[in-house]
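Dropping structure_29.txt in here (compact mmCIF, C-alpha atoms and all ligand atoms):
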```txt
# COMPACT_ATOMS: atom_id res chain seq x y z
CA MET A 14 0.00 0.00 0.00
CA LYS A 15 1.28 3.43 -0.91
CA LEU A 16 2.00 5.98 1.77
CA ASP A 17 -0.49 8.55 0.49
CA GLN A 18 -3.26 5.94 0.44
CA LEU A 19 -2.47 5.08 4.03
CA ILE A 20 -2.48 8.74 5.03
CA SER A 21 -5.77 9.43 3.29
CA GLN A 22 -7.41 6.49 5.07
CA ILE A 23 -6.28 7.92 8.40
CA GLU A 24 -7.53 11.38 7.46
CA LEU A 25 -10.87 9.95 6.36
CA ALA A 26 -11.27 8.04 9.62
CA TYR A 27 -10.42 11.24 11.55
CA SER A 28 -12.98 13.28 9.60
CA HIS A 29 -15.71 10.66 10.09
CA GLY A 30 -15.06 10.54 13.82
CA LYS A 31 -14.01 6.89 13.64
CA LEU A 32 -10.52 7.60 14.90
CA ASP A 33 -8.61 10.12 16.97
CA GLN A 34 -4.90 10.46 17.79
CA THR A 35 -5.23 8.56 21.06
CA GLN A 36 -6.90 5.64 19.30
CA LEU A 37 -4.36 5.62 16.51
CA LEU A 38 -1.52 5.36 19.02
CA ALA A 39 -3.43 2.68 20.97
CA HIS A 40 -3.83 0.71 17.75
CA SER A 41 -0.13 0.92 16.98
CA LEU A 42 0.58 -0.32 20.52
CA ARG A 43 -1.46 -3.46 19.78
CA LEU A 44 -4.52 -2.41 21.76
CA ARG A 45 -7.94 -3.26 20.38
CA ILE A 46 -9.92 -0.35 18.94
CA PRO A 47 -12.98 -0.32 16.63
CA PRO A 48 -12.20 -0.78 12.90
CA PHE A 49 -11.28 2.47 11.19
CA ALA A 50 -9.59 1.60 7.90
CA SER A 51 -8.95 -1.25 5.47
CA THR A 52 -7.43 -4.45 6.84
CA ASP A 53 -4.19 -3.73 4.98
CA ALA A 54 -3.93 -0.22 6.38
CA GLU A 55 -4.70 -1.36 9.91
CA GLU A 56 -2.06 -4.06 9.62
CA ILE A 57 0.65 -1.62 8.53
CA LEU A 58 -0.33 0.75 11.32
CA ARG A 59 0.23 -2.01 13.83
CA ARG A 60 4.00 -1.89 13.36
CA PRO A 61 5.21 1.68 12.93
CA VAL A 62 8.21 3.24 14.58
CA ILE A 63 7.18 5.95 17.02
CA VAL A 64 9.62 8.85 16.97
CA GLY A 65 9.35 11.51 19.64
CA ILE A 66 11.23 14.78 19.23
CA ASP A 67 11.69 17.81 21.44
CA ALA A 68 13.99 20.79 21.01
CA GLU A 69 15.10 23.58 23.32
CA TRP A 70 16.44 26.89 22.15
CA PHE A 71 18.09 29.99 23.61
CA GLU A 72 15.41 31.95 25.43
CA TYR A 73 16.31 35.18 23.62
CA ASP A 74 16.75 33.70 20.18
CA LYS A 75 14.59 30.93 18.73
CA SER A 76 17.01 30.53 15.86
CA ARG A 77 19.63 29.05 18.19
CA ILE A 78 18.70 25.49 19.07
CA THR A 79 20.56 24.34 22.16
CA GLU A 80 19.31 20.78 22.69
CA LEU A 81 17.50 18.01 20.90
CA GLY A 82 15.74 15.12 22.59
CA LEU A 83 14.73 12.10 20.56
CA SER A 84 13.00 8.84 21.47
CA VAL A 85 12.46 5.81 19.28
CA LEU A 86 10.04 2.95 19.85
CA HIS A 87 9.73 -0.02 17.52
CA THR A 88 6.12 -1.05 17.99
CA ASP A 89 6.89 -4.44 16.48
CA THR A 90 8.69 -5.18 19.75
CA VAL A 91 5.52 -4.41 21.72
CA TRP A 92 3.58 -7.41 22.88
CA HIS A 93 -0.17 -7.17 23.35
CA LEU A 94 0.09 -8.05 27.05
CA ASP A 95 2.74 -5.40 27.75
CA SER A 96 1.85 -2.88 30.44
CA PRO A 97 2.42 0.80 29.57
CA TRP A 98 5.64 0.74 31.57
CA ASP A 99 6.85 -2.38 29.74
CA ILE A 100 6.36 -0.38 26.55
CA VAL A 101 8.22 2.61 27.97
CA ARG A 102 11.18 0.32 28.78
CA LYS A 103 11.42 -0.65 25.11
CA MET A 104 12.12 2.90 23.99
CA LEU A 105 15.50 4.28 23.15
CA HIS A 106 16.30 7.84 24.17
CA PHE A 107 18.84 10.41 23.01
CA HIS A 108 19.78 13.78 24.42
CA VAL A 109 22.09 15.91 22.32
CA ARG A 110 23.43 19.35 23.16
CA ILE A 111 24.39 21.42 20.15
CA MET A 112 28.07 22.38 20.49
CA GLU A 113 27.77 25.80 18.88
CA ASN A 114 24.98 26.83 21.28
CA ALA A 115 25.58 24.69 24.36
CA HIS A 116 26.88 27.68 26.36
CA LEU A 117 23.50 29.35 26.02
CA VAL A 118 22.00 27.95 29.19
CA ASN A 119 18.61 29.51 29.84
CA SER A 120 18.33 31.05 33.28
CA GLU A 121 16.14 34.10 32.94
CA LEU A 122 12.86 33.69 31.05
CA CYS A 123 12.58 29.93 31.02
CA PRO A 124 15.24 28.23 33.16
CA GLY A 125 16.60 25.09 31.58
CA HIS A 126 18.45 22.04 32.87
CA PRO A 127 20.68 20.86 30.03
CA GLU A 128 22.96 19.00 32.45
CA LYS A 129 20.17 17.03 34.09
CA PHE A 130 19.17 14.42 31.55
CA GLN A 131 17.58 11.63 33.60
CA PHE A 132 17.43 8.84 31.05
CA GLY A 133 20.91 8.13 29.80
CA GLN A 134 24.03 9.82 28.55
CA THR A 135 23.98 13.34 27.14
CA THR A 136 26.24 13.82 24.15
CA PHE A 137 27.50 16.95 22.42
CA ALA A 138 27.39 17.27 18.65
CA LYS A 139 27.76 19.93 16.04
CA GLN A 140 24.50 21.16 14.61
CA SER A 141 25.45 19.68 11.25
CA GLU A 142 25.95 16.24 12.80
CA VAL A 143 22.44 15.98 14.22
CA LYS A 144 21.04 15.15 10.80
CA ALA A 145 22.60 11.68 11.08
CA LEU A 146 20.57 10.97 14.22
CA LEU A 147 17.36 12.09 12.51
CA GLU A 148 18.19 9.93 9.50
CA TYR A 149 18.72 7.01 11.82
CA ALA A 150 15.36 7.52 13.55
CA PHE A 151 13.43 7.89 10.31
CA SER A 152 15.03 4.98 8.46
CA GLN A 153 14.36 2.09 10.82
CA THR A 154 13.65 -1.21 9.12
CA ASP A 155 11.93 -4.45 10.00
CA LYS A 156 13.69 -7.83 10.04
CA ARG A 157 13.40 -8.13 6.28
CA GLY A 158 15.07 -4.80 5.76
CA GLN A 159 11.86 -3.01 4.80
CA ARG A 160 11.57 0.59 5.92
CA LEU A 161 9.01 1.01 8.66
CA PRO A 162 6.36 3.73 8.67
CA VAL A 163 6.84 6.43 11.30
CA ILE A 164 4.42 8.14 13.66
CA PHE A 165 5.88 11.41 14.92
CA VAL A 166 5.03 12.37 18.50
CA GLY A 167 5.59 15.70 20.20
CA HIS A 168 4.15 17.99 22.84
CA ALA A 169 2.70 21.18 21.34
CA VAL A 170 3.68 20.18 17.83
CA ASP A 171 3.49 23.29 15.76
CA ASN A 172 5.84 23.78 12.85
CA ASP A 173 8.36 21.26 14.16
CA ILE A 174 8.86 19.55 10.82
CA GLN A 175 9.76 22.90 9.28
CA VAL A 176 12.05 23.81 12.19
CA ILE A 177 13.90 20.50 11.86
CA LYS A 178 14.32 21.08 8.15
CA GLU A 179 15.65 24.60 8.64
CA HIS A 180 18.05 23.90 11.49
CA PHE A 181 19.27 20.40 10.80
CA GLY A 182 18.80 20.17 7.04
CA PHE A 183 16.63 17.09 7.44
CA ASP A 184 13.37 16.92 5.51
CA ILE A 185 11.04 14.51 7.32
CA ASP A 186 8.39 14.69 4.61
CA ALA A 187 10.90 13.76 1.93
CA GLN A 188 11.68 10.45 3.68
CA GLY A 189 8.34 9.06 2.55
CA VAL A 190 7.73 7.22 5.84
CA LEU A 191 5.69 9.63 7.96
CA VAL A 192 2.10 8.41 8.28
CA ALA A 193 0.83 10.53 11.17
CA THR A 194 1.75 13.21 13.67
CA ILE A 195 0.49 12.91 17.22
CA ASP A 196 0.44 15.84 19.62
CA THR A 197 0.13 15.02 23.31
CA GLN A 198 -1.63 18.36 23.83
CA GLU A 199 -4.30 17.16 21.42
CA MET A 200 -4.43 13.76 23.12
CA ALA A 201 -4.96 15.53 26.47
CA ARG A 202 -8.07 17.12 24.98
CA GLU A 203 -9.24 13.82 23.52
CA VAL A 204 -9.01 12.04 26.86
CA ARG A 205 -10.77 15.01 28.53
CA PHE A 206 -7.90 16.09 30.72
CA VAL A 207 -8.58 19.57 29.47
CA ASN A 208 -11.35 21.23 27.49
CA PRO A 209 -10.56 22.75 24.11
CA PRO A 210 -9.18 25.20 23.28
CA ALA A 211 -7.22 25.07 26.55
CA LYS A 212 -3.73 23.63 26.27
CA MET A 213 -1.99 21.57 28.86
CA ARG A 214 1.61 22.10 29.87
CA LEU A 215 3.76 19.00 29.99
CA SER A 216 4.27 19.25 33.76
CA HIS A 217 0.53 19.48 34.26
CA LEU A 218 -0.06 16.51 31.97
CA MET A 219 2.45 14.43 33.95
CA SER A 220 0.73 15.46 37.18
CA LYS A 221 -2.43 13.75 35.89
CA PHE A 222 -0.48 10.53 36.39
CA CYS A 223 0.98 11.71 39.70
CA ILE A 224 4.40 12.02 38.09
CA VAL A 225 6.67 14.91 39.02
CA GLU A 226 9.78 15.58 36.97
CA ASN A 227 11.94 18.33 38.43
CA TYR A 228 14.09 18.75 35.34
CA LEU A 229 11.69 19.51 32.54
CA HIS A 230 13.01 22.04 30.01
CA ASN A 231 15.72 19.58 29.20
CA ALA A 232 14.94 18.36 25.68
CA GLY A 233 15.80 14.78 26.62
CA ASN A 234 13.59 14.69 29.71
CA ASP A 235 10.81 16.50 27.87
CA VAL A 236 10.71 13.99 25.05
CA VAL A 237 10.79 11.00 27.42
CA CYS A 238 7.94 12.49 29.47
CA THR A 239 6.02 13.23 26.28
CA MET A 240 6.39 9.62 25.16
CA ILE A 241 5.40 8.33 28.61
CA ALA A 242 2.34 10.59 28.71
CA ALA A 243 1.36 9.49 25.19
CA VAL A 244 1.59 5.80 26.10
CA LEU A 245 -0.25 6.28 29.39
CA MET A 246 -3.06 8.19 27.69
CA ALA A 247 -3.34 5.61 24.91
CA CYS A 248 -3.38 2.74 27.41
CA SER A 249 -5.36 4.58 30.06
CA ASP A 250 -7.80 2.19 31.69
CA PRO A 251 -6.72 -1.43 31.47
CA PHE A 252 -3.59 -0.96 33.54
CA PRO A 253 -4.23 1.09 36.64
CA ASP A 254 -0.87 1.63 38.23
CA ASN A 255 1.05 3.59 40.78
CA HIS A 256 2.68 5.70 38.10
CA ALA A 257 4.85 7.73 40.46
CA LYS A 258 6.53 4.55 41.64
CA SER A 259 6.74 3.13 38.11
CA TYR A 260 8.39 6.34 36.97
CA ALA A 261 10.98 6.14 39.75
CA ASP A 262 11.56 2.45 38.92
CA PHE A 263 11.98 3.31 35.27
CA LYS A 264 14.65 5.89 36.05
CA GLN A 265 16.46 3.31 38.14
CA HIS A 266 16.13 0.79 35.30
CA VAL A 267 17.77 3.21 32.85
CA LEU A 268 20.55 3.91 35.32
CA VAL A 269 21.36 0.21 35.68
CA GLN A 270 20.73 -0.92 32.12
CA GLY A 271 22.37 1.93 30.27
CA SER A 272 21.42 2.19 26.63
CA GLN A 273 19.46 -0.63 25.12
CA THR A 274 19.43 -2.00 21.62
CA ILE A 275 16.30 -1.63 19.60
CA ALA A 276 14.86 -4.59 17.79
CA GLY A 277 18.28 -6.21 17.78
CA GLN A 278 19.77 -3.38 15.73
CA PRO A 279 22.85 -1.44 16.71
CA VAL A 280 22.22 1.80 18.52
CA MET A 281 23.38 5.00 16.96
CA SER A 282 25.98 6.96 18.87
CA LEU A 283 26.45 10.61 18.14
CA GLY A 284 29.01 13.19 19.15
CA SER A 285 31.19 13.44 22.20
CA ARG A 286 30.36 12.66 25.82
CA VAL A 287 32.85 15.17 27.16
CA PHE A 288 32.81 18.74 25.96
CA CYS A 289 33.59 22.12 27.50
CA THR A 290 30.91 24.66 26.61
CA ASN A 291 33.41 27.39 27.42
CA CYS A 292 36.55 26.55 25.42
CA HIS A 293 35.19 23.68 23.25
CA SER A 294 37.79 21.20 24.47
CA SER A 295 36.61 17.59 24.44
CA SER A 296 38.85 16.64 27.36
CA HIS A 297 37.03 18.36 30.23
CA PHE A 298 33.66 19.82 31.23
CA VAL A 299 33.07 23.51 31.78
CA LYS A 300 33.29 23.23 35.59
CA HIS A 301 36.93 22.20 35.19
CA CYS A 302 37.81 24.75 32.54
CA ASN A 303 40.99 26.73 33.07
CA ALA A 304 41.31 28.06 29.56
CA GLN A 305 42.36 31.67 29.30
CA LEU A 306 40.14 33.11 26.64
CA TRP A 307 39.47 36.59 25.46
CA CYS A 308 35.93 37.86 24.98
CA SER A 309 36.05 41.18 23.21
CA PHE A 310 32.39 41.80 23.87
CA SER A 311 32.50 41.41 27.66
CA GLN A 312 35.84 43.21 27.87
CA GLY A 313 34.32 46.08 25.95
CA GLN A 314 31.20 46.13 28.10
CA ALA A 315 32.95 45.95 31.41
CA GLY A 316 35.62 48.38 30.29
CA GLY A 317 38.23 45.78 31.12
CA GLY A 318 36.63 45.14 34.51
CA ILE A 319 35.84 41.87 36.22
CA ILE A 320 34.49 39.03 34.14
CA LEU A 321 33.34 35.98 36.05
CA ARG A 322 35.02 33.39 33.89
CA PRO A 323 37.41 33.97 31.01
CA HIS A 324 35.54 33.03 27.87
CA GLY A 325 35.67 33.64 24.16
CA ASP A 326 33.27 35.51 21.93
CA PHE A 327 31.96 32.16 20.79
CA SER A 328 31.05 31.15 24.34
CA CYS A 329 29.70 34.51 25.52
CA ILE A 330 26.04 34.41 26.51
CA LYS A 331 25.88 38.20 26.83
CA LEU A 332 27.02 38.56 23.25
CA ALA A 333 24.38 36.06 22.09
CA LYS A 334 21.71 38.02 23.92
CA TRP A 335 22.98 41.25 22.45
CA GLN A 336 23.03 39.74 18.96
CA ALA A 337 19.46 38.53 19.37
CA GLU A 338 18.39 42.04 20.36
CA GLN A 339 20.25 43.53 17.41
CA ASN A 340 18.73 41.00 15.03
CA THR A 341 15.27 41.87 16.29
CA LYS A 342 15.99 45.56 15.85
CA MET A 343 17.43 44.96 12.39
CA ALA A 344 14.41 42.95 11.39
CA GLN A 345 12.13 45.70 12.63
CA ASP A 346 14.18 48.38 10.91
CA ALA A 347 14.38 46.51 7.66
CA GLY A 348 10.76 45.43 7.87
CA THR A 349 11.81 41.88 7.26
CA GLN A 350 11.83 38.91 9.56
CA SER A 351 15.32 37.86 8.60
CA SER A 352 17.34 37.21 11.72
CA LEU A 353 20.74 36.70 10.16
CA LEU A 354 23.00 38.64 7.90
CA SER A 355 22.95 37.89 4.22
CA PRO A 356 25.54 35.31 3.15
CA SER A 357 27.57 37.93 1.32
CA VAL A 358 27.82 40.14 4.39
CA SER A 359 28.83 37.30 6.68
CA ALA A 360 31.34 36.08 4.10
CA ALA A 361 32.86 39.55 3.99
CA ILE A 362 33.04 39.58 7.78
CA THR A 363 34.68 36.18 7.93
CA ALA A 364 37.14 37.08 5.23
CA SER A 365 38.51 40.07 7.10
CA THR A 366 39.14 38.78 10.59
CA SER A 367 42.89 38.95 10.67
CA THR A 368 42.89 42.10 12.77
CA THR A 369 44.25 41.79 16.30
CA GLN A 370 42.77 44.89 17.84
CA PRO A 371 40.86 44.15 21.00
CA MET A 372 37.38 45.16 19.96
CA SER A 373 37.20 42.89 16.95
CA ILE A 374 35.09 39.81 17.16
CA GLY A 375 37.63 37.72 15.37
CA THR A 376 38.25 34.04 14.97
CA THR A 377 41.49 33.61 16.86
CA ILE A 378 41.65 33.49 20.61
CA VAL A 379 44.62 35.25 22.11
CA PRO A 380 45.97 32.72 24.60
CA GLN A 381 47.15 33.99 27.94
CA LEU A 382 48.90 31.32 29.90
CA ALA A 383 47.50 30.84 33.37
CA PRO A 384 50.14 31.03 36.13
CA ASN A 385 49.57 27.44 37.25
CA SER A 386 48.41 26.07 33.98
CA THR A 387 48.27 22.30 33.76
CA HIS A 388 45.99 21.87 30.80
CA SER A 389 47.81 21.33 27.54
CA HIS A 390 45.10 23.02 25.52
CA GLU A 391 45.77 26.30 27.26
CA THR A 392 49.33 26.60 26.06
CA ALA A 393 48.76 26.61 22.34
CA PRO A 394 46.84 29.26 20.43
CA VAL A 395 43.38 27.92 19.87
CA THR A 396 41.86 28.49 16.48
CA ILE A 397 38.11 28.44 16.49
CA PRO A 398 36.82 25.89 14.02
CA SER A 399 35.01 27.28 11.01
CA TYR A 400 31.65 25.96 12.15
CA LEU A 401 31.83 28.41 15.04
CA GLN A 402 32.26 31.40 12.84
CA LEU A 403 28.79 32.70 13.35
CA SER A 404 26.97 34.92 10.97
CA MET A 405 26.97 37.97 13.14
CA PRO A 406 27.73 41.62 13.12
CA ARG A 407 31.39 41.89 13.77
CA TYR A 408 31.30 44.77 16.20
CA PRO A 409 29.03 45.31 19.14
CA PHE A 410 28.55 48.94 18.17
CA PRO A 411 28.17 50.63 14.81
CA CYS A 412 30.52 52.88 12.92
CA ALA A 413 29.35 56.33 14.03
CA LEU A 414 29.83 57.82 10.56
CA CYS A 415 27.76 55.15 8.87
CA ILE A 416 24.93 54.78 11.36
CA GLU A 417 24.28 58.55 11.21
CA SER A 418 24.60 58.76 7.46
CA LEU A 419 21.55 59.62 5.38
CA ASP A 420 22.63 57.15 2.69
CA PRO A 421 20.48 54.03 3.20
CA MET A 422 23.27 51.71 1.99
CA GLN A 423 25.61 53.20 4.54
CA HIS A 424 23.33 53.29 7.60
CA LYS A 425 21.98 49.79 6.99
CA PRO A 426 22.85 47.93 10.23
CA GLN A 427 24.56 45.11 8.33
CA HIS A 428 26.99 47.64 6.95
CA ALA A 429 27.26 50.01 9.92
CA TYR A 430 28.08 47.18 12.33
CA SER A 431 30.56 45.57 9.99
CA HIS A 432 33.51 47.84 10.72
CA LEU A 433 34.99 50.46 13.05
CA GLU A 434 34.90 54.14 12.34
CA LYS A 435 38.67 54.24 11.90
CA ASP A 436 38.42 51.64 9.12
CA CYS A 437 35.42 53.25 7.49
CA ILE A 438 35.72 53.60 3.73
CA TYR A 439 33.52 56.72 3.94
CA ARG A 440 35.80 58.48 6.41
CA PRO A 441 37.17 61.73 5.00
CA MET A 442 40.93 61.55 4.47
CA GLY A 443 43.02 62.80 7.40
CA SER A 444 40.14 63.11 9.86
CA ALA A 445 40.55 62.20 13.52
CA GLN A 446 39.92 58.67 14.65
CA GLY A 447 37.75 57.50 17.51
CA THR A 448 34.45 55.89 18.08
CA ALA A 449 31.33 57.53 19.33
CA ARG A 450 30.90 54.78 21.90
CA ASN A 451 34.10 55.46 23.75
CA GLN A 452 33.61 59.16 24.06
ZN ZN B 1 37.35 24.44 28.84
ZN ZN B 2 31.71 37.75 26.93
ZN ZN B 3 31.50 53.43 8.29
```

This entry written out as structure tokens:
Amino acid sequence: MKLDQLISQIELAYSHGKLDQTQLLAHSLRLRIPPFASTDAEEILRRPVIVGIDAEWFEYDKSRITELGLSVLHTDTVWHLDSPWDIVRKMLHFHVRIMENAHLVNSELCPGHPEKFQFGQTTFAKQSEVKALLEYAFSQTDKRGQRLPVIFVGHAVDNDIQVIKEHFGFDIDAQGVLVATIDTQEMAREVRFVNPPAKMRLSHLMSKFCIVENYLHNAGNDVVCTMIAAVLMACSDPFPDNHAKSYADFKQHVLVQGSQTIAGQPVMSLGSRVFCTNCHSSSHFVKHCNAQLWCSFSQGQAGGGIILRPHGDFSCIKLAKWQAEQNTKMAQDAGTQSSLLSPSVSAAITASTSTTQPMSIGTTIVPQLAPNSTHSHETAPVTIPSYLQLSMPRYPFPCALCIESLDPMQHKPQHAYSHLEKDCIYRPMGSAQGTARNQ
């Protein structure tokens, strides 16, 4: 049966009120529900892979994804007598922190807990590497090597498929395996936990099962809780349980078992277990970082004053916040919703970073050996890898000549923030140097 035929049968059953998301998930977990489609379609929908996904991003900038949580369940390993918690134990969970953005730990608007993944080992990967994990999740096969259909599960699924495509370069639709998307917020309405159009937060949904998770807003924990809530809602009545205890037992189980294999297939491993969000070394964590780095942004802001921990531009959360604010302003000014510089502008910025003057946001860290340095990575100049060369305005303040100019090309923020006044090509010959900011 072709994928589009399968999808249209599901849609038809939805529109005729024969099926809802909760029932579809129950069916795929081998629970008996009233007939809703052809025998063939129902058979295929009894063995999909359930893929849960959750992402976290920097609280001031949605374009900077900091974490991805992903869960995979092969429903062909589910047995019809399994309890919901047996099913939960058959899932495989991943928690990945994105190297480029891992220093952006939310603490103000929506505090996050990236270091508190409760269901396995967090790994660190470059944003470009995450695609491999998504490919893995969406290309699971059965024993005969046939690709399995996928049901995508999330909490508050909105434009997630688009977001995944934009940030990780992975087109879920193009895989030709996605048969349905299930949103646990929608399921919560279907099982009458909440009346439409009200929406239920994940913590509130978990509380319906007497489960408290202290470290939500960790993409890994969020996706595991979403999958648990989905399974518990789909299986609701037949298995009354002390869910709080089962949840605690499940955590213990993960701790002891470590990562499982799924359906006898090797488990994907991605990225590095050890990574310093401050200096990007893969030999220590940030709490043990002794790297002497130079952040031109914080130095400029504090006027050379005290900075809590030496860090680079690439690991400066203040700079990221500032950039987000500038991007918002630029978008408002330009009347567009673009949040990044055009490729040509960022290429020009990257191409001219050889300057060593302190205010430049360059690509080479000036190493300053710590008096009692023991870490080898502190002694050699560290060159920031190219993937860290962000598309960003190079200077935290504009060229005064350009920003005040009446020429729209000149006062455009992309241009005005791309250089210092002393380097300005519009500066009259022989005029005095200096920046407006420092005066
Ligand atoms: Zn470090
Ligand atoms: Zn800084
Ligand atoms: Zn200028």

Considering all atoms listed in the file, tabulate each residue of chain A that lies at most 9 Å from ligand ZN 2 (chain B) along with its nearest interatomic pair and the corresponding distance in Å to one decimal; arrange the rows by chain and ascending residue number and present them as a tab-separated table.
```
residue	atom	partner	partner_atom	distance
A:Trp307	CA	B:ZN2	ZN	8.0
A:Cys308	CA	B:ZN2	ZN	4.7
A:Ser309	CA	B:ZN2	ZN	6.7
A:Phe310	CA	B:ZN2	ZN	5.1
A:Ser311	CA	B:ZN2	ZN	3.8
A:Gln312	CA	B:ZN2	ZN	6.9
A:Gly313	CA	B:ZN2	ZN	8.8
A:Gln314	CA	B:ZN2	ZN	8.5
A:Ile320	CA	B:ZN2	ZN	7.8
A:Arg322	CA	B:ZN2	ZN	8.9
A:Pro323	CA	B:ZN2	ZN	8.0
A:His324	CA	B:ZN2	ZN	6.2
A:Gly325	CA	B:ZN2	ZN	6.3
A:Asp326	CA	B:ZN2	ZN	5.7
A:Phe327	CA	B:ZN2	ZN	8.3
A:Ser328	CA	B:ZN2	ZN	7.1
A:Cys329	CA	B:ZN2	ZN	4.1
A:Ile330	CA	B:ZN2	ZN	6.6
A:Lys331	CA	B:ZN2	ZN	5.8
A:Leu332	CA	B:ZN2	ZN	6.0
A:Ala333	CA	B:ZN2	ZN	8.9
```

Counting only C-alpha atoms, which of A:Pro47, A:Pro61, A:Gly133, A:Pro209 gets nearest to A:Phe165? A:Pro61

Surrounding residues of stretch 234-245 of chain A excluding itself and chain neighbours under 2 positions, 8 Å, all atoms listed in the file, as an MDAnalysis selection string: chainID A and resid 35 38:39 65:67 82:84 97 100:101 106 130:132 166:168 197 200 215 218:219 228:232 247:249

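Residues of protein, DNA or RNA having any atom at most 6 Å from ligand ZN 3 (chain B), counting all atoms listed in the file, are Cys412, Leu414, Cys415, Ala429, Glu434, Cys437 and Tyr439 of chain A.
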
Ligand ZN 1 (chain B): which residues are within 6 Å, counting all atoms listed in the file, as a PyMOL selection string? chain A and resi 289+291-292+294+299+302+304

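The closest residue to A:Thr90, picked from A:Glu56, A:Glu142, A:Asp155, A:Glu128 and counting all atoms listed in the file, is A:Asp155.
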
Using only C-alpha atoms, which of the listed residues (A:Thr154, A:Val207, A:Phe183, A:Asp196) sits closest to A:Asp171? A:Asp196

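Atom CA of A:Ile177 sits 11.2 Å away from atom CA of A:Ser76.
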
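Distances to A:Ala344 were evaluated for A:Ile63, A:Gln427, A:Arg77, A:Asn227 using only C-alpha atoms, and the minimum falls at A:Gln427.
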
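The space separating atom CA of A:Val192 from atom CA of A:Ile20 comes to 5.6 Å.
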
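Coordinates place atom CA of A:Leu42 at a distance of 6.5 Å from atom CA of A:Val91.
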
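Every protein or nucleic acid residue with an atom no more than 10 Å from A:Ser41, counting all atoms listed in the file and leaving out same-chain residues fewer than 3 positions away, appears here: Gln36, Leu37, Leu38, Leu44, Arg45, Glu55, Glu56, Ile57, Leu58, Arg59, Arg60, Pro61, Val62, Ile63, His87, Thr88, Asp89, Val91, Ile164 and Ala247 of chain A.
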
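Distance annotation: of A:Phe137, A:Phe49, A:Trp98, A:Tyr430, the residue with the minimal separation from A:Met343 is A:Tyr430; atom set is all atoms listed in the file.
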
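Each of A:Leu191, A:Arg102, A:Lys334, A:Leu283 was compared to A:Lys264 using only C-alpha atoms, and A:Arg102 turns out to be the nearest.
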
Give as a PyMOL selection string every residue, naming chains and numbers as the document does, that has an atom within 10 Å of (2.1, 2.9, 38.0), counting all atoms listed in the file. chain A and resi 96-98+222-224+245+252-262

Every residue with an atom at most 10 Å from (20.7, 26.0, 19.3) (file coordinates; all atoms listed in the file) is what I'm after, so could you write them as a VMD selection string? chain A and resid 68 to 71 74 to 81 110 to 117 139 to 140 180
